[in-house]
file model_17.cif (mmCIF, C-alpha atoms)
data_coords
loop_
_atom_site.group_PDB
_atom_site.id
_atom_site.type_symbol
_atom_site.label_atom_id
_atom_site.label_comp_id
_atom_site.auth_asym_id
_atom_site.auth_seq_id
_atom_site.Cartn_x
_atom_site.Cartn_y
_atom_site.Cartn_z
ATOM 1 C CA MET C 84 26.326 51.097 114.163
ATOM 2 C CA VAL C 85 24.459 51.798 110.912
ATOM 3 C CA ALA C 86 26.309 50.650 107.821
ATOM 4 C CA GLN C 87 24.708 53.140 105.469
ATOM 5 C CA SER C 88 26.508 56.465 105.538
ATOM 6 C CA PRO C 89 24.484 59.690 105.127
ATOM 7 C CA THR C 90 25.777 60.013 101.568
ATOM 8 C CA GLU C 91 25.328 56.396 100.458
ATOM 9 C CA PRO C 92 22.595 56.122 97.816
ATOM 10 C CA THR C 93 19.825 53.594 98.359
ATOM 11 C CA TRP C 94 20.778 51.618 95.262
ATOM 12 C CA LEU C 95 24.233 50.994 96.711
ATOM 13 C CA THR C 96 22.702 49.800 99.979
ATOM 14 C CA ILE C 97 20.561 47.376 97.959
ATOM 15 C CA ILE C 98 23.710 46.145 96.205
ATOM 16 C CA ARG C 99 25.174 45.419 99.631
ATOM 17 C CA LEU C 100 21.971 43.638 100.658
ATOM 18 C CA LEU C 101 22.291 41.359 97.619
ATOM 19 C CA ARG C 102 26.020 40.952 98.445
ATOM 20 C CA TRP C 103 26.894 41.920 94.877
ATOM 21 C CA ASP C 104 29.678 44.040 96.381
ATOM 22 C CA LYS C 105 31.282 40.770 97.587
ATOM 23 C CA PRO C 106 31.772 38.684 94.443
ATOM 24 C CA ALA C 107 33.433 35.692 96.143
ATOM 25 C CA GLY C 108 30.153 34.436 97.576
ATOM 26 C CA ARG C 109 28.367 34.832 94.233
ATOM 27 C CA LEU C 110 31.150 33.166 92.266
ATOM 28 C CA ILE C 111 31.451 30.197 94.581
ATOM 29 C CA LEU C 112 27.796 29.333 93.888
ATOM 30 C CA MET C 113 28.251 29.888 90.174
ATOM 31 C CA ILE C 114 31.223 27.515 89.948
ATOM 32 C CA PRO C 115 29.383 24.180 90.536
ATOM 33 C CA ALA C 116 26.700 25.268 88.079
ATOM 34 C CA LEU C 117 29.385 25.951 85.460
ATOM 35 C CA TRP C 118 31.126 22.668 86.280
ATOM 36 C CA ALA C 119 27.872 20.865 85.534
ATOM 37 C CA VAL C 120 26.988 22.642 82.301
ATOM 38 C CA VAL C 121 30.527 22.198 80.940
ATOM 39 C CA LEU C 122 30.726 18.489 81.784
ATOM 40 C CA ALA C 123 27.210 17.725 80.562
ATOM 41 C CA ALA C 124 27.985 19.492 77.268
ATOM 42 C CA LYS C 125 31.399 17.785 76.947
ATOM 43 C CA GLY C 126 33.304 21.035 77.179
ATOM 44 C CA SER C 127 31.244 23.074 74.711
ATOM 45 C CA PRO C 128 28.046 24.325 76.375
ATOM 46 C CA PRO C 129 25.674 26.604 74.417
ATOM 47 C CA LEU C 130 26.617 30.185 75.264
ATOM 48 C CA PRO C 131 22.988 31.371 75.727
ATOM 49 C CA LEU C 132 22.501 28.621 78.311
ATOM 50 C CA VAL C 133 25.711 29.631 80.081
ATOM 51 C CA GLY C 134 24.363 33.193 80.231
ATOM 52 C CA ILE C 135 21.062 32.028 81.713
ATOM 53 C CA ILE C 136 22.900 29.979 84.337
ATOM 54 C CA ILE C 137 25.161 32.874 85.293
ATOM 55 C CA LEU C 138 22.212 35.254 85.638
ATOM 56 C CA GLY C 139 20.235 32.584 87.462
ATOM 57 C CA THR C 140 22.944 32.066 90.057
ATOM 58 C CA LEU C 141 23.137 35.827 90.622
ATOM 59 C CA ALA C 142 19.373 36.023 91.107
ATOM 60 C CA THR C 143 19.121 32.999 93.395
ATOM 61 C CA SER C 144 22.176 33.868 95.475
ATOM 62 C CA GLY C 145 20.790 37.392 95.859
ATOM 63 C CA LEU C 146 17.451 35.924 96.927
ATOM 64 C CA GLY C 147 19.198 33.701 99.442
ATOM 65 C CA CYS C 148 21.120 36.618 100.928
ATOM 66 C CA VAL C 149 18.027 38.794 101.306
ATOM 67 C CA VAL C 150 15.956 35.982 102.835
ATOM 68 C CA ASN C 151 18.833 35.194 105.203
ATOM 69 C CA ASP C 152 19.027 38.821 106.322
ATOM 70 C CA LEU C 153 15.263 39.015 106.833
ATOM 71 C CA TRP C 154 15.214 35.904 109.028
ATOM 72 C CA ASP C 155 18.337 37.032 110.920
ATOM 73 C CA ARG C 156 17.537 40.739 111.285
ATOM 74 C CA ASP C 157 17.587 40.433 115.093
ATOM 75 C CA ILE C 158 20.553 38.029 115.195
ATOM 76 C CA ASP C 159 22.924 39.778 112.792
ATOM 77 C CA PRO C 160 23.332 42.897 114.991
ATOM 78 C CA GLN C 161 24.819 40.627 117.685
ATOM 79 C CA VAL C 162 27.508 39.176 115.390
ATOM 80 C CA GLU C 163 30.619 41.204 114.608
ATOM 81 C CA ARG C 164 30.838 40.068 110.977
ATOM 82 C CA THR C 165 27.171 40.722 110.167
ATOM 83 C CA LYS C 166 26.152 43.670 112.340
ATOM 84 C CA ASN C 167 26.500 46.187 109.502
ATOM 85 C CA ARG C 168 24.325 44.361 106.990
ATOM 86 C CA PRO C 169 21.665 46.776 105.679
ATOM 87 C CA ILE C 170 18.599 45.245 107.342
ATOM 88 C CA ALA C 171 20.452 44.460 110.573
ATOM 89 C CA ALA C 172 21.727 48.030 110.715
ATOM 90 C CA ARG C 173 18.246 49.343 109.829
ATOM 91 C CA ALA C 174 19.635 51.013 106.701
ATOM 92 C CA LEU C 175 16.808 49.299 104.805
ATOM 93 C CA SER C 176 13.370 48.382 106.114
ATOM 94 C CA VAL C 177 11.905 44.904 106.283
ATOM 95 C CA LYS C 178 9.309 45.907 103.654
ATOM 96 C CA VAL C 179 12.041 46.940 101.238
ATOM 97 C CA GLY C 180 13.861 43.680 101.917
ATOM 98 C CA ILE C 181 10.724 41.645 101.188
ATOM 99 C CA GLY C 182 10.198 43.615 97.992
ATOM 100 C CA ILE C 183 13.746 42.942 96.810
ATOM 101 C CA ALA C 184 13.365 39.249 97.664
ATOM 102 C CA ILE C 185 10.200 39.054 95.572
ATOM 103 C CA ILE C 186 11.895 40.802 92.643
ATOM 104 C CA SER C 187 14.847 38.406 92.880
ATOM 105 C CA LEU C 188 12.477 35.430 92.910
ATOM 106 C CA ILE C 189 10.598 36.761 89.879
ATOM 107 C CA CYS C 190 13.856 37.247 87.974
ATOM 108 C CA ALA C 191 14.949 33.707 88.813
ATOM 109 C CA ALA C 192 11.539 32.355 87.747
ATOM 110 C CA ILE C 193 11.687 34.146 84.394
ATOM 111 C CA LEU C 194 15.099 32.620 83.711
ATOM 112 C CA ALA C 195 13.841 29.185 84.791
ATOM 113 C CA PHE C 196 11.147 29.291 82.110
ATOM 114 C CA TYR C 197 13.931 29.198 79.496
ATOM 115 C CA LEU C 198 14.990 25.757 80.776
ATOM 116 C CA ASN C 199 13.481 22.351 80.039
ATOM 117 C CA THR C 200 10.764 20.828 82.214
ATOM 118 C CA LEU C 201 13.080 18.773 84.427
ATOM 119 C CA SER C 202 15.369 21.724 85.096
ATOM 120 C CA PHE C 203 12.400 23.999 85.772
ATOM 121 C CA TRP C 204 10.975 21.704 88.444
ATOM 122 C CA LEU C 205 14.392 21.296 90.005
ATOM 123 C CA CYS C 206 14.462 25.094 90.275
ATOM 124 C CA VAL C 207 11.085 24.964 92.027
ATOM 125 C CA ALA C 208 12.345 22.263 94.398
ATOM 126 C CA ALA C 209 15.377 24.392 95.289
ATOM 127 C CA VAL C 210 13.305 27.369 96.504
ATOM 128 C CA PRO C 211 12.163 25.857 99.854
ATOM 129 C CA VAL C 212 15.761 24.868 100.625
ATOM 130 C CA ILE C 213 17.019 28.385 99.844
ATOM 131 C CA VAL C 214 14.262 30.038 101.877
ATOM 132 C CA GLY C 215 14.500 27.568 104.761
ATOM 133 C CA TYR C 216 18.291 27.484 105.128
ATOM 134 C CA PRO C 217 18.491 30.464 107.524
ATOM 135 C CA LEU C 218 16.084 28.683 109.878
ATOM 136 C CA ALA C 219 18.277 25.568 109.973
ATOM 137 C CA LYS C 220 20.796 27.205 112.297
ATOM 138 C CA ARG C 221 18.050 27.466 114.923
ATOM 139 C CA VAL C 222 17.027 23.800 114.917
ATOM 140 C CA PHE C 223 19.644 21.700 113.086
ATOM 141 C CA PRO C 224 23.147 21.061 114.472
ATOM 142 C CA VAL C 225 24.875 21.218 111.065
ATOM 143 C CA PRO C 226 23.068 23.944 109.073
ATOM 144 C CA GLN C 227 25.955 24.021 106.590
ATOM 145 C CA LEU C 228 24.613 20.711 105.260
ATOM 146 C CA VAL C 229 21.378 22.452 104.286
ATOM 147 C CA LEU C 230 23.401 25.119 102.486
ATOM 148 C CA SER C 231 25.369 22.372 100.739
ATOM 149 C CA ILE C 232 22.153 20.803 99.481
ATOM 150 C CA ALA C 233 21.085 24.198 98.153
ATOM 151 C CA TRP C 234 24.460 24.453 96.380
ATOM 152 C CA GLY C 235 23.936 20.950 95.008
ATOM 153 C CA PHE C 236 20.802 22.040 93.172
ATOM 154 C CA ALA C 237 23.044 24.218 90.977
ATOM 155 C CA VAL C 238 24.629 21.003 89.667
ATOM 156 C CA LEU C 239 21.346 19.184 89.104
ATOM 157 C CA ILE C 240 19.666 22.136 87.397
ATOM 158 C CA SER C 241 22.593 22.969 85.126
ATOM 159 C CA TRP C 242 23.353 19.380 84.104
ATOM 160 C CA SER C 243 19.738 18.578 83.307
ATOM 161 C CA ALA C 244 19.447 21.845 81.357
ATOM 162 C CA VAL C 245 21.932 20.353 78.883
ATOM 163 C CA SER C 246 21.032 16.658 78.849
ATOM 164 C CA ASN C 247 17.396 16.719 80.072
ATOM 165 C CA SER C 248 18.381 13.912 82.431
ATOM 166 C CA LEU C 249 20.393 13.143 85.562
ATOM 167 C CA GLU C 250 23.190 10.672 84.872
ATOM 168 C CA PRO C 251 25.496 8.759 87.246
ATOM 169 C CA ALA C 252 28.224 11.359 86.647
ATOM 170 C CA THR C 253 25.734 14.058 87.668
ATOM 171 C CA TRP C 254 25.387 12.561 91.118
ATOM 172 C CA VAL C 255 29.136 12.151 91.509
ATOM 173 C CA LEU C 256 29.583 15.860 90.759
ATOM 174 C CA TRP C 257 26.674 16.609 93.104
ATOM 175 C CA GLY C 258 28.466 14.701 95.869
ATOM 176 C CA ALA C 259 31.714 16.559 95.203
ATOM 177 C CA THR C 260 29.822 19.847 95.461
ATOM 178 C CA ILE C 261 28.126 18.827 98.717
ATOM 179 C CA PHE C 262 31.428 17.888 100.363
ATOM 180 C CA TRP C 263 33.278 20.936 98.978
ATOM 181 C CA THR C 264 30.575 23.280 100.265
ATOM 182 C CA LEU C 265 30.592 21.612 103.669
ATOM 183 C CA GLY C 266 34.355 22.158 103.774
ATOM 184 C CA PHE C 267 34.632 25.795 102.817
ATOM 185 C CA ASP C 268 31.468 26.905 104.638
ATOM 186 C CA THR C 269 32.569 25.190 107.838
ATOM 187 C CA VAL C 270 35.803 27.171 107.578
ATOM 188 C CA TYR C 271 33.747 30.330 107.074
ATOM 189 C CA ALA C 272 31.662 29.493 110.161
ATOM 190 C CA ILE C 273 34.709 29.218 112.423
ATOM 191 C CA ALA C 274 35.107 33.001 112.410
ATOM 192 C CA ASP C 275 31.607 33.383 113.924
ATOM 193 C CA ARG C 276 31.903 30.551 116.426
ATOM 194 C CA GLU C 277 32.222 32.654 119.581
ATOM 195 C CA ASP C 278 29.310 34.916 118.633
ATOM 196 C CA ASP C 279 27.158 31.930 117.628
ATOM 197 C CA LEU C 280 27.850 30.188 120.948
ATOM 198 C CA ARG C 281 26.916 33.331 122.849
ATOM 199 C CA ILE C 282 23.671 33.771 120.894
ATOM 200 C CA GLY C 283 22.789 30.080 120.978
ATOM 201 C CA ILE C 284 22.622 29.216 117.276
ATOM 202 C CA ASN C 285 24.103 26.182 115.552
ATOM 203 C CA SER C 286 26.922 25.757 113.058
ATOM 204 C CA SER C 287 29.152 22.929 111.863
ATOM 205 C CA ALA C 288 32.100 24.779 113.430
ATOM 206 C CA ILE C 289 30.412 24.403 116.818
ATOM 207 C CA PHE C 290 29.190 20.861 116.177
ATOM 208 C CA PHE C 291 32.669 19.501 115.403
ATOM 209 C CA GLY C 292 34.285 21.493 118.210
ATOM 210 C CA LYS C 293 38.009 20.910 118.605
ATOM 211 C CA TYR C 294 37.918 18.473 115.690
ATOM 212 C CA VAL C 295 36.643 21.055 113.220
ATOM 213 C CA GLY C 296 39.964 21.135 111.335
ATOM 214 C CA GLU C 297 39.871 17.353 110.928
ATOM 215 C CA ALA C 298 36.245 17.553 109.758
ATOM 216 C CA VAL C 299 37.169 20.093 107.088
ATOM 217 C CA GLY C 300 40.033 17.841 106.014
ATOM 218 C CA ILE C 301 37.625 14.908 105.671
ATOM 219 C CA PHE C 302 35.200 17.017 103.622
ATOM 220 C CA PHE C 303 37.971 18.117 101.269
ATOM 221 C CA ALA C 304 39.252 14.520 101.030
ATOM 222 C CA ALA C 305 35.741 13.366 100.082
ATOM 223 C CA THR C 306 35.608 16.140 97.479
ATOM 224 C CA ILE C 307 38.894 14.912 96.040
ATOM 225 C CA GLY C 308 37.708 11.313 96.007
ATOM 226 C CA SER C 309 34.513 12.291 94.197
ATOM 227 C CA LEU C 310 36.405 14.327 91.591
ATOM 228 C CA ILE C 311 38.876 11.494 91.036
ATOM 229 C CA TYR C 312 36.006 9.084 90.463
ATOM 230 C CA LEU C 313 34.368 11.621 88.141
ATOM 231 C CA GLY C 314 37.544 11.735 86.078
ATOM 232 C CA THR C 315 37.513 7.951 85.717
ATOM 233 C CA ILE C 316 33.924 7.704 84.453
ATOM 234 C CA LEU C 317 34.182 10.637 82.057
ATOM 235 C CA PRO C 318 36.708 10.676 79.192
ATOM 236 C CA LEU C 319 38.678 13.654 80.499
ATOM 237 C CA ASN C 320 42.303 14.084 79.467
ATOM 238 C CA ILE C 321 45.479 14.856 81.413
ATOM 239 C CA LEU C 322 44.665 18.565 81.625
ATOM 240 C CA TYR C 323 41.732 17.835 83.944
ATOM 241 C CA TRP C 324 43.996 15.757 86.164
ATOM 242 C CA ILE C 325 46.547 18.577 86.314
ATOM 243 C CA SER C 326 43.861 21.014 87.451
ATOM 244 C CA LEU C 327 42.701 18.494 90.055
ATOM 245 C CA ALA C 328 46.280 18.045 91.280
ATOM 246 C CA ILE C 329 46.557 21.820 91.774
ATOM 247 C CA ALA C 330 43.298 21.831 93.722
ATOM 248 C CA ILE C 331 44.491 18.938 95.880
ATOM 249 C CA VAL C 332 47.646 20.868 96.773
ATOM 250 C CA GLY C 333 45.524 23.921 97.579
ATOM 251 C CA TRP C 334 43.195 21.996 99.866
ATOM 252 C CA GLY C 335 46.152 20.317 101.526
ATOM 253 C CA ILE C 336 47.733 23.685 102.313
ATOM 254 C CA GLN C 337 44.428 24.939 103.691
ATOM 255 C CA TYR C 338 44.155 21.915 105.977
ATOM 256 C CA ILE C 339 47.687 22.507 107.250
ATOM 257 C CA ARG C 340 46.844 26.156 107.965
ATOM 258 C CA LEU C 341 43.754 25.090 109.899
ATOM 259 C CA SER C 342 45.920 22.738 111.962
ATOM 260 C CA GLN C 343 48.062 25.617 113.251
ATOM 261 C CA PRO C 344 47.437 27.003 116.752
ATOM 262 C CA ASP C 345 46.135 30.553 117.274
ATOM 263 C CA ILE C 346 44.919 31.148 113.721
ATOM 264 C CA PRO C 347 44.143 34.830 112.977
ATOM 265 C CA THR C 348 40.443 35.357 112.238
ATOM 266 C CA PHE C 349 41.117 36.772 108.765
ATOM 267 C CA THR C 350 42.612 33.394 107.770
ATOM 268 C CA TYR C 351 39.153 31.861 107.509
ATOM 269 C CA GLY C 352 38.018 34.478 105.012
ATOM 270 C CA GLN C 353 41.225 33.962 103.034
ATOM 271 C CA ILE C 354 40.632 30.223 102.801
ATOM 272 C CA PHE C 355 37.067 30.847 101.650
ATOM 273 C CA GLY C 356 38.340 33.166 98.912
ATOM 274 C CA GLN C 357 41.029 30.698 97.862
ATOM 275 C CA ASN C 358 38.330 28.124 97.206
ATOM 276 C CA VAL C 359 36.891 30.408 94.543
ATOM 277 C CA TRP C 360 40.202 30.263 92.694
ATOM 278 C CA LEU C 361 40.491 26.501 93.165
ATOM 279 C CA GLY C 362 36.984 26.120 91.768
ATOM 280 C CA PHE C 363 37.884 28.130 88.670
ATOM 281 C CA ILE C 364 41.080 26.132 88.197
ATOM 282 C CA LEU C 365 38.979 22.967 88.193
ATOM 283 C CA LEU C 366 36.504 24.590 85.804
ATOM 284 C CA THR C 367 39.347 25.364 83.410
ATOM 285 C CA GLY C 368 40.494 21.757 83.640
ATOM 286 C CA MET C 369 36.976 20.543 82.897
ATOM 287 C CA ILE C 370 36.756 22.769 79.813
ATOM 288 C CA ILE C 371 40.129 21.928 78.296
ATOM 289 C CA GLY C 372 39.932 18.355 79.558
ATOM 290 C CA TRP C 373 37.591 17.592 76.663
ATOM 291 C CA LEU C 374 39.907 18.946 73.947
#

call {"tool": "encode", "arguments": {"input": "model_17.cif", "output": "structure tokens"}}
result
Amino acid sequence: MVAQSPTEPTWLTIIRLLRWDKPAGRLILMIPALWAVVLAAKGSPPLPLVGIIILGTLATSGLGCVVNDLWDRDIDPQVERTKNRPIAARALSVKVGIGIAIISLICAAILAFYLNTLSFWLCVAAVPVIVGYPLAKRVFPVPQLVLSIAWGFAVLISWSAVSNSLEPATWVLWGATIFWTLGFDTVYAIADREDDLRIGINSSAIFFGKYVGEAVGIFFAATIGSLIYLGTILPLNILYWISLAIAIVGWGIQYIRLSQPDIPTFTYGQIFGQNVWLGFILLTGMIIGWL
């Protein structure tokens, strides 16, 4: 099945290739970057820097999506969730995909030049992880960890863009982001588990098997522990702790849902989307927690 209808303009197909028609995935990368810039700037980050970070996350997440689809152009047609992606469905050619990836990389590089030297080189270091992540599922049993490390660069880049250094609190937030990403992306991978097993590619949902729900619970618990520790080493007020309490309740409910038998497939996408909202609730707490 070809995803592009006869009347769909090419620009709209490119939007779908970049996944800009699905904001949840773009926002969930943006959130850790905004966490970092807000905390490093003690609740009042420079607005031009916030703009650069937002545009940078859009460019890099778009790059990641295109590179992923190029690597997986022969795998995606075999997976129900991904078979209609533009390159998989042959709605766009490989050459066009490579061209869009190069443009995305150039845009990200231009934005990186506005950052300080440390942040710039962290951006450079992130590129191999972003480009190599799609290959991890072929050789590494928990490819979601590679994605989590890519997500973690958003924290390091954004924090250092404010302070020109990496502080102990930076690494605590980095750890929280790693565990959070492992949690929600493992949930996302459960929906593809049967197709992935049939094709022979790896995912954390396959690796943890019948204990995948418990693994997600552990990842969310580690996220909570990291955020609690973060709140103790930074002078954040009660409003941060309220936002964290809301997030804890949200993650607890998600774990309970994952513990139910015969979970409908759409539940996994819902939980992924809920994590966007939980991330923004925490972001709000981090902003007003400095007031």

call {"tool": "residues_around", "arguments": {"input": "model_17.cif", "residues": "Thr269 of chain C", "least_positions_apart": "2", "cutoff": "9 Å", "atoms": "only C-alpha atoms", "output": "PDB file with C-alpha atoms, in the coordinates of the input"}}
result
ATOM      1  CA  GLN C 227      25.955  24.021 106.590  1.00  0.00           C
ATOM      2  CA  THR C 264      30.575  23.280 100.265  1.00  0.00           C
ATOM      3  CA  LEU C 265      30.592  21.612 103.669  1.00  0.00           C
ATOM      4  CA  GLY C 266      34.355  22.158 103.774  1.00  0.00           C
ATOM      5  CA  PHE C 267      34.632  25.795 102.817  1.00  0.00           C
ATOM      6  CA  TYR C 271      33.747  30.330 107.074  1.00  0.00           C
ATOM      7  CA  ALA C 272      31.662  29.493 110.161  1.00  0.00           C
ATOM      8  CA  ILE C 273      34.709  29.218 112.423  1.00  0.00           C
ATOM      9  CA  SER C 286      26.922  25.757 113.058  1.00  0.00           C
ATOM     10  CA  SER C 287      29.152  22.929 111.863  1.00  0.00           C
ATOM     11  CA  ALA C 288      32.100  24.779 113.430  1.00  0.00           C
ATOM     12  CA  VAL C 295      36.643  21.055 113.220  1.00  0.00           C
ATOM     13  CA  ALA C 298      36.245  17.553 109.758  1.00  0.00           C
ATOM     14  CA  VAL C 299      37.169  20.093 107.088  1.00  0.00           C
TER      15      VAL C 299
END

call {"tool": "resolve_selection", "arguments": {"input": "model_17.cif", "expression": "the PyMOL selection byres ((chain C and resi 232-241) around 7)", "output": "list of chain:residue names"}}
result
C:Leu112, C:Pro115, C:Ala116, C:Ala119, C:Val120, C:Ser202, C:Leu205, C:Cys206, C:Ala209, C:Val212, C:Ile213, C:Leu228, C:Val229, C:Leu230, C:Ser231, C:Trp242, C:Ser243, C:Ala244, C:Val245, C:Thr253, C:Trp257, C:Thr260, C:Ile261

call {"tool": "residues_near_point", "arguments": {"input": "model_17.cif", "point": "(42.1, 20.1, 73.5)", "cutoff": "10 Å", "atoms": "only C-alpha atoms", "output": "JSON, numbers by chain"}}
result
{"C": [126, 320, 322, 370, 371, 372, 373, 374]}

call {"tool": "closest_residue", "arguments": {"input": "model_17.cif", "among": "C:Leu194, C:Ile114, C:Ile158, C:Leu153", "to": "Leu138 of chain C", "atoms": "all atoms listed in the file"}}
result
C:Leu194

call {"tool": "closest_atom_pairs", "arguments": {"input": "model_17.cif", "of": "segment 154-228 of chain C", "to": "segment 277-282 of chain C", "cutoff": "9 Å", "atoms": "all atoms listed in the file", "output": "CSV"}}
result
residue,atom,partner,partner_atom,distance
C:Ile158,CA,C:Ile282,CA,7.8
C:Gln161,CA,C:Asp278,CA,7.3
C:Val162,CA,C:Asp278,CA,5.6
C:Glu163,CA,C:Asp278,CA,7.6

call {"tool": "atom_distance", "arguments": {"input": "model_17.cif", "atom1": "atom CA of Leu95 of chain C", "atom2": "atom CA of Thr140 of chain C"}}
result
20.1 Å
